[in-house]
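Below: the structure, in structure tokens.
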Amino acid sequence: MPNRLAQEKSPYLLQHANNPVDWYPWGDEAFDKAAREDKPVFLSVGYSTCHWCHVMEHESFESEHVARILNQHFVPIKVDREERPDVDRVYMMFVQASTGSGGWPMSVWLTPDRKPFFGGTYFPPDNRYGRPGFSMILESLARAWRDERPRVEASGSQVLEQLRQYNAVAASTVGPATRGVLQSAYYAFRRAFDSKLGGFGNAPKFPRPSVFNFLLRYYEDAKEPEALEMVLLTLREMAKGGMHDQLGGGFHRYSVDEHWFVPHFEKMLYDQAQLAVSYLEAFQITREPLYGDVARDIFDYVLRDLAHPSGGFYSAEDADSAMDPSHPREKSEGAFYIWSKAEIFQPLGAADAAIFCERFGVKEQGNVDEDPHGEFTGRNILYQARDVADTGAIDRGSEILLRLRAQRPRPHLDDKVLTSWNGLMISAFAKGAQIFNEPRYADAATRAVDFIRENLWRESDAVLLRRFREGESAIEGFLDDYAFLIVGLLDLYQTTFDQRHLSWAERLATRAIELFEDPAGGGFFSTVADQRDMVLRLKDDYDGAEPSGNSVMVLGLLRLARATGSEAFRKSAEKTLLTSASKLQEAGTGLPQMLVAQAMALAPPQEIVLAGPSSPEMLEAIRRRFLPNAVVMRAEHAPQPMPALNGLATAYVCENYVCQLPVTDPVLLPLQ
């Protein structure tokens with residue numbers, strides 16, 4: 001019999017609906033049962049495309065033996081971290097503080113009043129990998145709850161108080177950040193940079209596009225060529241490696257090695273969105289076709305495989321898939337993407353196949369030397385091993401193999417639509433439309449905005465919702481949902497100049513300030529004030545795989561302040577930057593997107609106002625330039641009226657509140 005998760009919409013929760021574990025979704029019903037039956041809660045947090053979540057499910061949650069222990073001694077709760085990032089953040093902070101590391105699946109034991117007292121990540125079913133077995137831990141914690149209750153409860157209360165103190169962020173005592181903060185962060189990234197292979201730090205290597213955002217802006221502001229070269233080298237090496245899907249486009253989650261060669265094969269929407277912007281900006285700065293081509297192939301992948309038919313974008317594709325269609329439950333990581341040499345030679349023919357294999361490093365025995373789990377035996381991960389002269393053979397081979405690959409059992413698709421991640425993707429498509437003058441990309445961004453407005457915006461009380469799936473919209477939005485969508489709308493406005501996007505961004509920003517801002521201490525909480533089911537209200541500021549809601553909110557407010565003339569937006573942004581100043585000074589590398597916001601606040605304000613008839617030539621001249629701090633507007637939407645000259649397309653370039661003489665010839669645009 002399926003458990004309660006069968007009634008949920010989350011693909012991750014539905015994956016566990018037939019476990020013998022008596023799972024509950026997060027909610028009062030589970031905690032009321034824990035209090036009534038005097039049991040601790042076992043909280044398991046993951047997401048549907050998480051490889052080790054699948055492993056732990058197969059090893060432990062599908063086990064009748066483990067299920068008996070869990071059901072007898074605990075109230076088990078399953079949470080999709082992508083639906084409930086608020087739950088994930090609170091308990092991940094506890095796991096990281098208590099164990100020194102974190103990740104998914106996350107396993108945390110709570111008192112019935114939601115206080116954590118023990119936690120970790122993946123636990124094997126028995127003692128292995130230097131980790132205690134899951135059954136042993138369950139039995140030990142059940143005994144501790146029975147025999148040492150006061151100590152366990154005191155530990156939970158003490159931990160919660162420590163987390164509360166750690167999270168309390170007072171306004172900075174160092175005063176507003178200066179350009180020295182930007183320089184210090186640049187040198188810190190420079191020290192961590194892998195000058196041979198790109199990236200920062202050792203394997204595993206994760207793309208962190210917020211770092212690219214900061215370094216490109218530091219290059220533009222400080223005229224520091226090494227900042228640009230760090231980004232370009234990293235983007236080139238990533239594009240060459242197996243982490244880049246050489247056939248289908250897009251990027252996998254991260255590389256397990258330092259060469260960007262062996263990926264963890266899941267594909268996340270937020271990676272596609274942010275990396276597309278990184279490659280677009282690299283192309284805009286250098287005009288080198290490589291970067292533009294990679295951005296285009298990301299867009300091709302998203303439109304082909306992650307696009308909802310009505311607009312909007314799905315969340316992710318799994319790392320695991322079946323090798324054999326007749327055995328769909330027997331899955332392995334990367335099965336959809338890897339090839340034996342014979343699978344290439346048979347459809348391509350000897351001549352084209354030889355060229356293809358030379359280009360992509362294909363070997364008879366397989367090309368993965370370090371393969372501890374035996375998943376790549378005799379198979380090859382495609383990567384750009386060397387240049388070849390016959391690009392026609394490569395194009396023909398890629399087209400044939402992509403068609404053949406599409407006939408394989410596909411990885412699981414997480415088809416929920418998340419507002420925050422869609423906001424990131426809207427930005428990417430909007431920027432792609434500007435830089436490539438590609439109406440198809442503007443249409444994709446517009447359709448996504450329309451989808452969100454129709455399905456994830458509650459007009460009656462002006463509340464943005466977080467998740468849509470199979471006709472159901474649910475979960476009131478968090479700070480990042482508002483912030484990412486605001487910036488997406490601003491980018492789309494600067495693409496189409498449709499005032500509806502600017503107006504909605506302004507309304508969302510006003511609402512976000514009401515819901516999330518800390519008027520006393522500055523900055524923004526991730527959740528609303530009256531959320532009863534959380535033990536902590538956090539201010540998230542770490543710019544990791546996704547930028548933080550605080551960083552993106554500041555950027556959105558700064559841009560809106562310049563576009564609308566709103567003093568309230570400007571003051572709110574500056575107060576958040578002041579609150580962040582100490583951390584930017586002490587640990588700026590953890591907040592690269594906030595450094596981007598700080599750089600914008602320190603730069604002279606730049607507005608480009610277009611009056612009169614639309615001029616593709618004028619727009620093209622503006623969009624060829626990397627102008628990260630410029631706000632581009634139509635005159636009829638600007639705070640101050642600016643007339644067209646003699647009825648011609650006219651541009652006003654204003655910097656530091658002083659406007660240059662208007663121009664009607666794109667060649668005369670006064671852009672530095």
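In the structure tokens, chains take the letters A, B, ... in the order shown, each chain's residues start at 1, and ligands count up from 1 in the order shown.
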With a distance cut-off of 12 Å and only C-alpha atoms, select the neighbouring residues of Gly374 of chain A, excluding the residue or stretch itself and same-chain residues fewer than 3 positions from it, and output the selection as a PDB file with C-alpha atoms, in the first residue's frame.
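Wrote around-v5.pdb, looks like this:
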```pdb
ATOM      1  CA  SER A 332      23.255   3.587 -13.150  1.00  0.00           C
ATOM      2  CA  GLU A 333      24.711   7.042 -13.185  1.00  0.00           C
ATOM      3  CA  GLY A 334      25.325   8.556 -16.597  1.00  0.00           C
ATOM      4  CA  ALA A 335      23.888   5.602 -18.533  1.00  0.00           C
ATOM      5  CA  GLY A 366      36.552   3.082 -22.335  1.00  0.00           C
ATOM      6  CA  VAL A 368      37.422   6.616 -17.616  1.00  0.00           C
ATOM      7  CA  ASP A 369      40.436   5.406 -15.663  1.00  0.00           C
ATOM      8  CA  GLU A 370      39.179   6.035 -12.136  1.00  0.00           C
ATOM      9  CA  ASP A 371      35.863   4.203 -11.838  1.00  0.00           C
ATOM     10  CA  THR A 377      33.528  -0.083 -17.810  1.00  0.00           C
ATOM     11  CA  GLY A 378      34.051  -0.228 -21.575  1.00  0.00           C
ATOM     12  CA  ARG A 379      32.263   3.089 -22.033  1.00  0.00           C
TER      13      ARG A 379
END
```
Distance query Ser184 of chain A at most 12 Å, only C-alpha atoms, self and fewer than 3 positions along chain excluded, as a PyMOL selection string:
chain A and resi 177-181+187-191+215+218+584-589+592+595
I'd like the neighbourhood of Met92 of chain A as an mmCIF file with N, CA, C and O atoms, in the first residue's frame, where a residue qualifies if any of its atoms comes within 10 Å (using only C-alpha atoms), though same-chain residues fewer than 6 positions away should be ignored.
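Below you can see part_5.cif, which holds the result:
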```cif
data_model
loop_
_atom_site.group_PDB
_atom_site.id
_atom_site.type_symbol
_atom_site.label_atom_id
_atom_site.label_comp_id
_atom_site.auth_asym_id
_atom_site.auth_seq_id
_atom_site.Cartn_x
_atom_site.Cartn_y
_atom_site.Cartn_z
ATOM 1 N N VAL A 45 15.667 14.800 4.110
ATOM 2 C CA VAL A 45 15.532 15.870 3.124
ATOM 3 C C VAL A 45 16.388 15.537 1.904
ATOM 4 O O VAL A 45 17.560 15.163 2.041
ATOM 5 N N PRO A 85 12.880 25.085 0.667
ATOM 6 C CA PRO A 85 14.249 25.473 1.005
ATOM 7 C C PRO A 85 14.371 26.037 2.410
ATOM 8 O O PRO A 85 15.456 26.028 2.991
ATOM 9 N N ASP A 86 13.266 26.531 2.969
ATOM 10 C CA ASP A 86 13.303 27.064 4.337
ATOM 11 C C ASP A 86 13.597 25.960 5.342
ATOM 12 O O ASP A 86 14.443 26.114 6.236
ATOM 13 N N SER A 98 27.264 20.909 13.323
ATOM 14 C CA SER A 98 27.539 19.799 14.231
ATOM 15 C C SER A 98 28.480 18.751 13.650
ATOM 16 O O SER A 98 29.148 18.030 14.392
ATOM 17 N N SER A 101 30.213 19.277 7.814
ATOM 18 C CA SER A 101 29.921 19.138 6.383
ATOM 19 C C SER A 101 28.418 18.971 6.205
ATOM 20 O O SER A 101 27.678 18.791 7.175
ATOM 21 N N GLY A 102 27.975 18.998 4.949
ATOM 22 C CA GLY A 102 26.549 18.835 4.672
ATOM 23 C C GLY A 102 26.351 18.242 3.301
ATOM 24 O O GLY A 102 27.310 17.966 2.576
ATOM 25 N N GLY A 103 25.116 18.033 2.937
ATOM 26 C CA GLY A 103 24.803 17.463 1.635
ATOM 27 C C GLY A 103 23.496 16.696 1.709
ATOM 28 O O GLY A 103 22.826 16.682 2.748
ATOM 29 N N TRP A 104 23.162 16.058 0.611
ATOM 30 C CA TRP A 104 21.897 15.343 0.529
ATOM 31 C C TRP A 104 22.133 13.915 0.076
ATOM 32 O O TRP A 104 23.027 13.668 -0.726
ATOM 33 N N MET A 106 19.895 14.545 3.480
ATOM 34 C CA MET A 106 20.161 15.029 4.823
ATOM 35 C C MET A 106 19.255 14.286 5.795
ATOM 36 O O MET A 106 18.063 14.129 5.542
ATOM 37 N N SER A 107 19.855 13.817 6.886
ATOM 38 C CA SER A 107 19.125 13.035 7.885
ATOM 39 C C SER A 107 19.246 13.746 9.227
ATOM 40 O O SER A 107 20.361 13.957 9.720
ATOM 41 N N VAL A 108 18.107 14.141 9.807
ATOM 42 C CA VAL A 108 18.123 14.894 11.062
ATOM 43 C C VAL A 108 17.045 14.339 11.985
ATOM 44 O O VAL A 108 15.936 14.022 11.537
ATOM 45 N N GLY A 119 22.251 14.703 13.650
ATOM 46 C CA GLY A 119 22.066 14.787 12.208
ATOM 47 C C GLY A 119 23.284 14.338 11.430
ATOM 48 O O GLY A 119 24.377 14.141 11.975
ATOM 49 N N GLY A 120 23.077 14.172 10.152
ATOM 50 C CA GLY A 120 24.140 13.788 9.225
ATOM 51 C C GLY A 120 23.586 13.828 7.818
ATOM 52 O O GLY A 120 22.570 14.464 7.538
ATOM 53 N N THR A 121 24.248 13.126 6.920
ATOM 54 C CA THR A 121 23.800 13.103 5.524
ATOM 55 C C THR A 121 23.428 11.667 5.156
ATOM 56 O O THR A 121 22.493 11.114 5.695
#
```
Give me, as a list in words, all polymer residues having an atom no more than 9 Å from Pro604 of chain A, counting only C-alpha atoms and skipping those fewer than 6 positions away in the same chain.
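In the requested format, the answer is Asn629, Glu655, Asn656 and Tyr657 of chain A.
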DSSP-assigned strand (DSSP E or B) among segment 377-595 of chain A, expressed as number ranges by chain
A: 380, 413-414, 417-418, 457-458, 463-469, 472-476, 517, 524
Please dump the current selection as an mmCIF file, in the first residue's frame; keep N, CA and C atoms.
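Below you can see out_13.cif, which holds the result:
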```
data_model
loop_
_atom_site.group_PDB
_atom_site.id
_atom_site.type_symbol
_atom_site.label_atom_id
_atom_site.label_comp_id
_atom_site.auth_asym_id
_atom_site.auth_seq_id
_atom_site.Cartn_x
_atom_site.Cartn_y
_atom_site.Cartn_z
ATOM 1 N N ASN A 380 32.542 5.388 -22.678
ATOM 2 C CA ASN A 380 33.263 6.638 -22.837
ATOM 3 C C ASN A 380 32.384 7.833 -22.507
ATOM 4 N N LEU A 413 12.724 13.033 -15.224
ATOM 5 C CA LEU A 413 12.534 14.477 -15.324
ATOM 6 C C LEU A 413 11.762 14.974 -14.120
ATOM 7 N N ASP A 414 12.342 15.898 -13.375
ATOM 8 C CA ASP A 414 11.604 16.559 -12.298
ATOM 9 C C ASP A 414 10.832 17.702 -12.944
ATOM 10 N N VAL A 417 7.608 23.176 -11.712
ATOM 11 C CA VAL A 417 8.044 24.505 -12.144
ATOM 12 C C VAL A 417 8.222 25.356 -10.894
ATOM 13 N N LEU A 418 9.450 25.790 -10.637
ATOM 14 C CA LEU A 418 9.762 26.612 -9.469
ATOM 15 C C LEU A 418 9.917 28.071 -9.887
ATOM 16 N N TRP A 457 0.838 33.370 -9.334
ATOM 17 C CA TRP A 457 0.611 34.690 -8.734
ATOM 18 C C TRP A 457 -0.827 34.762 -8.251
ATOM 19 N N ARG A 458 -0.992 35.012 -6.954
ATOM 20 C CA ARG A 458 -2.327 35.103 -6.367
ATOM 21 C C ARG A 458 -2.690 36.573 -6.249
ATOM 22 N N VAL A 463 0.272 37.576 -3.494
ATOM 23 C CA VAL A 463 1.233 36.589 -2.998
ATOM 24 C C VAL A 463 1.739 35.758 -4.173
ATOM 25 N N LEU A 464 3.046 35.644 -4.239
ATOM 26 C CA LEU A 464 3.692 34.804 -5.232
ATOM 27 C C LEU A 464 3.798 33.392 -4.665
ATOM 28 N N LEU A 465 3.486 32.389 -5.465
ATOM 29 C CA LEU A 465 3.617 30.996 -5.043
ATOM 30 C C LEU A 465 4.905 30.414 -5.609
ATOM 31 N N ARG A 466 5.361 29.328 -4.994
ATOM 32 C CA ARG A 466 6.677 28.793 -5.357
ATOM 33 C C ARG A 466 6.626 27.698 -6.405
ATOM 34 N N ARG A 467 5.662 26.788 -6.307
ATOM 35 C CA ARG A 467 5.726 25.561 -7.112
ATOM 36 C C ARG A 467 4.437 25.284 -7.860
ATOM 37 N N PHE A 468 4.586 24.903 -9.136
ATOM 38 C CA PHE A 468 3.467 24.432 -9.953
ATOM 39 C C PHE A 468 3.811 23.049 -10.470
ATOM 40 N N ARG A 469 2.829 22.135 -10.367
ATOM 41 C CA ARG A 469 3.001 20.819 -11.001
ATOM 42 C C ARG A 469 1.639 20.187 -11.218
ATOM 43 N N GLU A 472 -1.486 22.027 -10.179
ATOM 44 C CA GLU A 472 -1.587 22.514 -8.798
ATOM 45 C C GLU A 472 -0.475 23.502 -8.496
ATOM 46 N N SER A 473 -0.865 24.657 -7.974
ATOM 47 C CA SER A 473 0.093 25.657 -7.489
ATOM 48 C C SER A 473 0.063 25.643 -5.969
ATOM 49 N N ALA A 474 1.240 25.700 -5.348
ATOM 50 C CA ALA A 474 1.286 25.565 -3.889
ATOM 51 C C ALA A 474 2.535 26.229 -3.327
ATOM 52 N N ILE A 475 2.533 26.416 -2.026
ATOM 53 C CA ILE A 475 3.640 26.895 -1.188
ATOM 54 C C ILE A 475 3.876 28.388 -1.436
ATOM 55 N N GLU A 476 3.536 29.201 -0.455
ATOM 56 C CA GLU A 476 3.756 30.641 -0.589
ATOM 57 C C GLU A 476 5.247 30.912 -0.751
ATOM 58 N N GLU A 517 11.588 42.049 4.743
ATOM 59 C CA GLU A 517 12.650 42.935 5.219
ATOM 60 C C GLU A 517 12.694 42.990 6.736
ATOM 61 N N PHE A 524 17.154 40.981 4.537
ATOM 62 C CA PHE A 524 15.894 40.298 4.294
ATOM 63 C C PHE A 524 15.933 38.888 4.852
#
```
Find the residues near Ser503 of chain A: any atom within 12 Å, counting only C-alpha atoms, skip ones fewer than 6 places away on the same chain, and give them as a PyMOL selection string.
chain A and resi 486+489-490+492-493+497+509-510+560+563-564+637-638
From a backbone DSSP assignment, name each residue in segment 327-493 of chain A labelled helix (DSSP H, G or I), as JSON, numbers by chain.
{"A": [341, 342, 343, 344, 345, 346, 347, 348, 350, 351, 352, 353, 354, 355, 356, 357, 358, 359, 360, 391, 392, 393, 394, 395, 396, 397, 398, 399, 400, 401, 402, 403, 404, 405, 419, 420, 421, 422, 423, 424, 425, 426, 427, 428, 429, 430, 431, 432, 433, 434, 435, 436, 439, 440, 441, 442, 443, 444, 445, 446, 447, 448, 449, 450, 451, 452, 453, 454, 455, 479, 480, 481, 482, 483, 484, 485, 486, 487, 488, 489, 490, 491, 492, 493]}
Between A:Phe212, A:Phe336, A:Tyr186, A:Phe42, which residue has the minimum interatomic distance to Tyr279 of chain A, considering only C-alpha atoms?
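That would be A:Phe212, the residue with the smallest distance to Tyr279 of chain A.
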Could you jot down the atom CA of Leu456 of chain A to atom CA of Arg89 of chain A separation for me, Å, one decimal place?
22.8 Å
Smallest atom-to-atom distance to Cys50 of chain A: which of A:Ala462, A:Leu557, A:Leu401, A:Ala319, using only C-alpha atoms?
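Of A:Ala462, A:Leu557, A:Leu401, A:Ala319, the one nearest Cys50 of chain A, counting only C-alpha atoms, is A:Ala319.
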Find the residues near Ala295 of chain A: any atom within 7 Å, counting only C-alpha atoms, skip ones fewer than 2 places away on the same chain, and give them as a list in words.
Ala276, Tyr279, Leu280, Tyr291, Gly292, Asp293, Asp297, Ile298 and Phe299 of chain A
How would the residues just chosen look if you wrote them out with all heavy atoms as a PDB file, in the first residue's frame?
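Output file selection_39.pdb follows:
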```
ATOM      1  N   ALA A 276      24.473  30.054 -18.735  1.00  0.00           N
ATOM      2  CA  ALA A 276      24.152  30.730 -19.991  1.00  0.00           C
ATOM      3  C   ALA A 276      24.525  32.203 -19.899  1.00  0.00           C
ATOM      4  O   ALA A 276      25.116  32.779 -20.838  1.00  0.00           O
ATOM      5  CB  ALA A 276      22.671  30.565 -20.321  1.00  0.00           C
ATOM      6  N   TYR A 279      28.398  32.621 -20.097  1.00  0.00           N
ATOM      7  CA  TYR A 279      28.912  32.502 -21.460  1.00  0.00           C
ATOM      8  C   TYR A 279      28.464  33.679 -22.329  1.00  0.00           C
ATOM      9  O   TYR A 279      29.221  34.158 -23.185  1.00  0.00           O
ATOM     10  CB  TYR A 279      28.489  31.166 -22.071  1.00  0.00           C
ATOM     11  CG  TYR A 279      29.339  30.003 -21.585  1.00  0.00           C
ATOM     12  CD1 TYR A 279      28.941  29.216 -20.516  1.00  0.00           C
ATOM     13  CD2 TYR A 279      30.567  29.715 -22.184  1.00  0.00           C
ATOM     14  CE1 TYR A 279      29.720  28.167 -20.055  1.00  0.00           C
ATOM     15  CE2 TYR A 279      31.362  28.665 -21.729  1.00  0.00           C
ATOM     16  CZ  TYR A 279      30.937  27.894 -20.664  1.00  0.00           C
ATOM     17  OH  TYR A 279      31.730  26.857 -20.211  1.00  0.00           O
ATOM     18  N   LEU A 280      27.248  34.161 -22.123  1.00  0.00           N
ATOM     19  CA  LEU A 280      26.783  35.338 -22.864  1.00  0.00           C
ATOM     20  C   LEU A 280      27.656  36.556 -22.573  1.00  0.00           C
ATOM     21  O   LEU A 280      28.051  37.291 -23.490  1.00  0.00           O
ATOM     22  CB  LEU A 280      25.333  35.654 -22.482  1.00  0.00           C
ATOM     23  CG  LEU A 280      24.235  34.779 -23.057  1.00  0.00           C
ATOM     24  CD1 LEU A 280      22.915  35.064 -22.348  1.00  0.00           C
ATOM     25  CD2 LEU A 280      24.095  35.012 -24.565  1.00  0.00           C
ATOM     26  N   TYR A 291      32.161  31.238 -26.898  1.00  0.00           N
ATOM     27  CA  TYR A 291      31.305  31.504 -25.743  1.00  0.00           C
ATOM     28  C   TYR A 291      29.843  31.659 -26.173  1.00  0.00           C
ATOM     29  O   TYR A 291      28.931  31.179 -25.506  1.00  0.00           O
ATOM     30  CB  TYR A 291      31.802  32.742 -24.992  1.00  0.00           C
ATOM     31  CG  TYR A 291      33.251  32.633 -24.588  1.00  0.00           C
ATOM     32  CD1 TYR A 291      34.227  33.419 -25.186  1.00  0.00           C
ATOM     33  CD2 TYR A 291      33.652  31.709 -23.625  1.00  0.00           C
ATOM     34  CE1 TYR A 291      35.562  33.303 -24.833  1.00  0.00           C
ATOM     35  CE2 TYR A 291      34.989  31.582 -23.263  1.00  0.00           C
ATOM     36  CZ  TYR A 291      35.942  32.376 -23.881  1.00  0.00           C
ATOM     37  OH  TYR A 291      37.261  32.247 -23.544  1.00  0.00           O
ATOM     38  N   GLY A 292      29.633  32.319 -27.298  1.00  0.00           N
ATOM     39  CA  GLY A 292      28.270  32.449 -27.806  1.00  0.00           C
ATOM     40  C   GLY A 292      27.687  31.108 -28.195  1.00  0.00           C
ATOM     41  O   GLY A 292      26.502  30.830 -27.940  1.00  0.00           O
ATOM     42  N   ASP A 293      28.503  30.233 -28.797  1.00  0.00           N
ATOM     43  CA  ASP A 293      28.017  28.913 -29.208  1.00  0.00           C
ATOM     44  C   ASP A 293      27.588  28.079 -28.005  1.00  0.00           C
ATOM     45  O   ASP A 293      26.571  27.371 -28.061  1.00  0.00           O
ATOM     46  CB  ASP A 293      29.103  28.170 -29.987  1.00  0.00           C
ATOM     47  CG  ASP A 293      29.377  28.793 -31.350  1.00  0.00           C
ATOM     48  OD1 ASP A 293      28.547  29.606 -31.808  1.00  0.00           O
ATOM     49  OD2 ASP A 293      30.426  28.477 -31.939  1.00  0.00           O
ATOM     50  N   ASP A 297      23.870  26.549 -27.140  1.00  0.00           N
ATOM     51  CA  ASP A 297      23.538  25.131 -26.962  1.00  0.00           C
ATOM     52  C   ASP A 297      22.885  24.875 -25.600  1.00  0.00           C
ATOM     53  O   ASP A 297      22.100  23.941 -25.448  1.00  0.00           O
ATOM     54  CB  ASP A 297      24.726  24.214 -27.277  1.00  0.00           C
ATOM     55  CG  ASP A 297      25.697  23.925 -26.153  1.00  0.00           C
ATOM     56  OD1 ASP A 297      25.357  24.052 -24.981  1.00  0.00           O
ATOM     57  OD2 ASP A 297      26.833  23.509 -26.471  1.00  0.00           O
ATOM     58  N   ILE A 298      23.150  25.729 -24.616  1.00  0.00           N
ATOM     59  CA  ILE A 298      22.392  25.651 -23.363  1.00  0.00           C
ATOM     60  C   ILE A 298      20.923  25.964 -23.636  1.00  0.00           C
ATOM     61  O   ILE A 298      20.021  25.252 -23.183  1.00  0.00           O
ATOM     62  CB  ILE A 298      22.963  26.617 -22.303  1.00  0.00           C
ATOM     63  CG1 ILE A 298      24.370  26.204 -21.865  1.00  0.00           C
ATOM     64  CG2 ILE A 298      22.029  26.679 -21.086  1.00  0.00           C
ATOM     65  CD1 ILE A 298      25.050  27.203 -20.945  1.00  0.00           C
ATOM     66  N   PHE A 299      20.682  27.038 -24.379  1.00  0.00           N
ATOM     67  CA  PHE A 299      19.302  27.413 -24.694  1.00  0.00           C
ATOM     68  C   PHE A 299      18.603  26.320 -25.508  1.00  0.00           C
ATOM     69  O   PHE A 299      17.422  26.032 -25.286  1.00  0.00           O
ATOM     70  CB  PHE A 299      19.272  28.738 -25.457  1.00  0.00           C
ATOM     71  CG  PHE A 299      19.662  29.938 -24.640  1.00  0.00           C
ATOM     72  CD1 PHE A 299      20.376  30.984 -25.207  1.00  0.00           C
ATOM     73  CD2 PHE A 299      19.308  30.041 -23.300  1.00  0.00           C
ATOM     74  CE1 PHE A 299      20.728  32.098 -24.464  1.00  0.00           C
ATOM     75  CE2 PHE A 299      19.655  31.147 -22.540  1.00  0.00           C
ATOM     76  CZ  PHE A 299      20.365  32.177 -23.125  1.00  0.00           C
TER      77      PHE A 299
END
```
Which residue, A:Asn213, A:Glu237, A:His51, A:Trp339, has the smallest gap to Lys267 of chain A when you use only C-alpha atoms?
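Nearest to Lys267 of chain A: A:His51.
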When you draw a straight line from atom CA of Leu645 of chain A to atom CA of Ile608 of chain A, how long is it in Å?
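Interatomic distance, atom CA of Leu645 of chain A to atom CA of Ile608 of chain A: 15.4 Å.
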Can you work out which one of A:Arg304, A:Arg149, A:Arg164, A:His252 has the shortest atom-to-atom distance to Val90 of chain A, counting only C-alpha atoms?
A:Arg164
Distance atom CA of Glu399 of chain A-atom CA of Phe356 of chain A, one decimal place?
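Interatomic distance, atom CA of Glu399 of chain A to atom CA of Phe356 of chain A: 11.6 Å.
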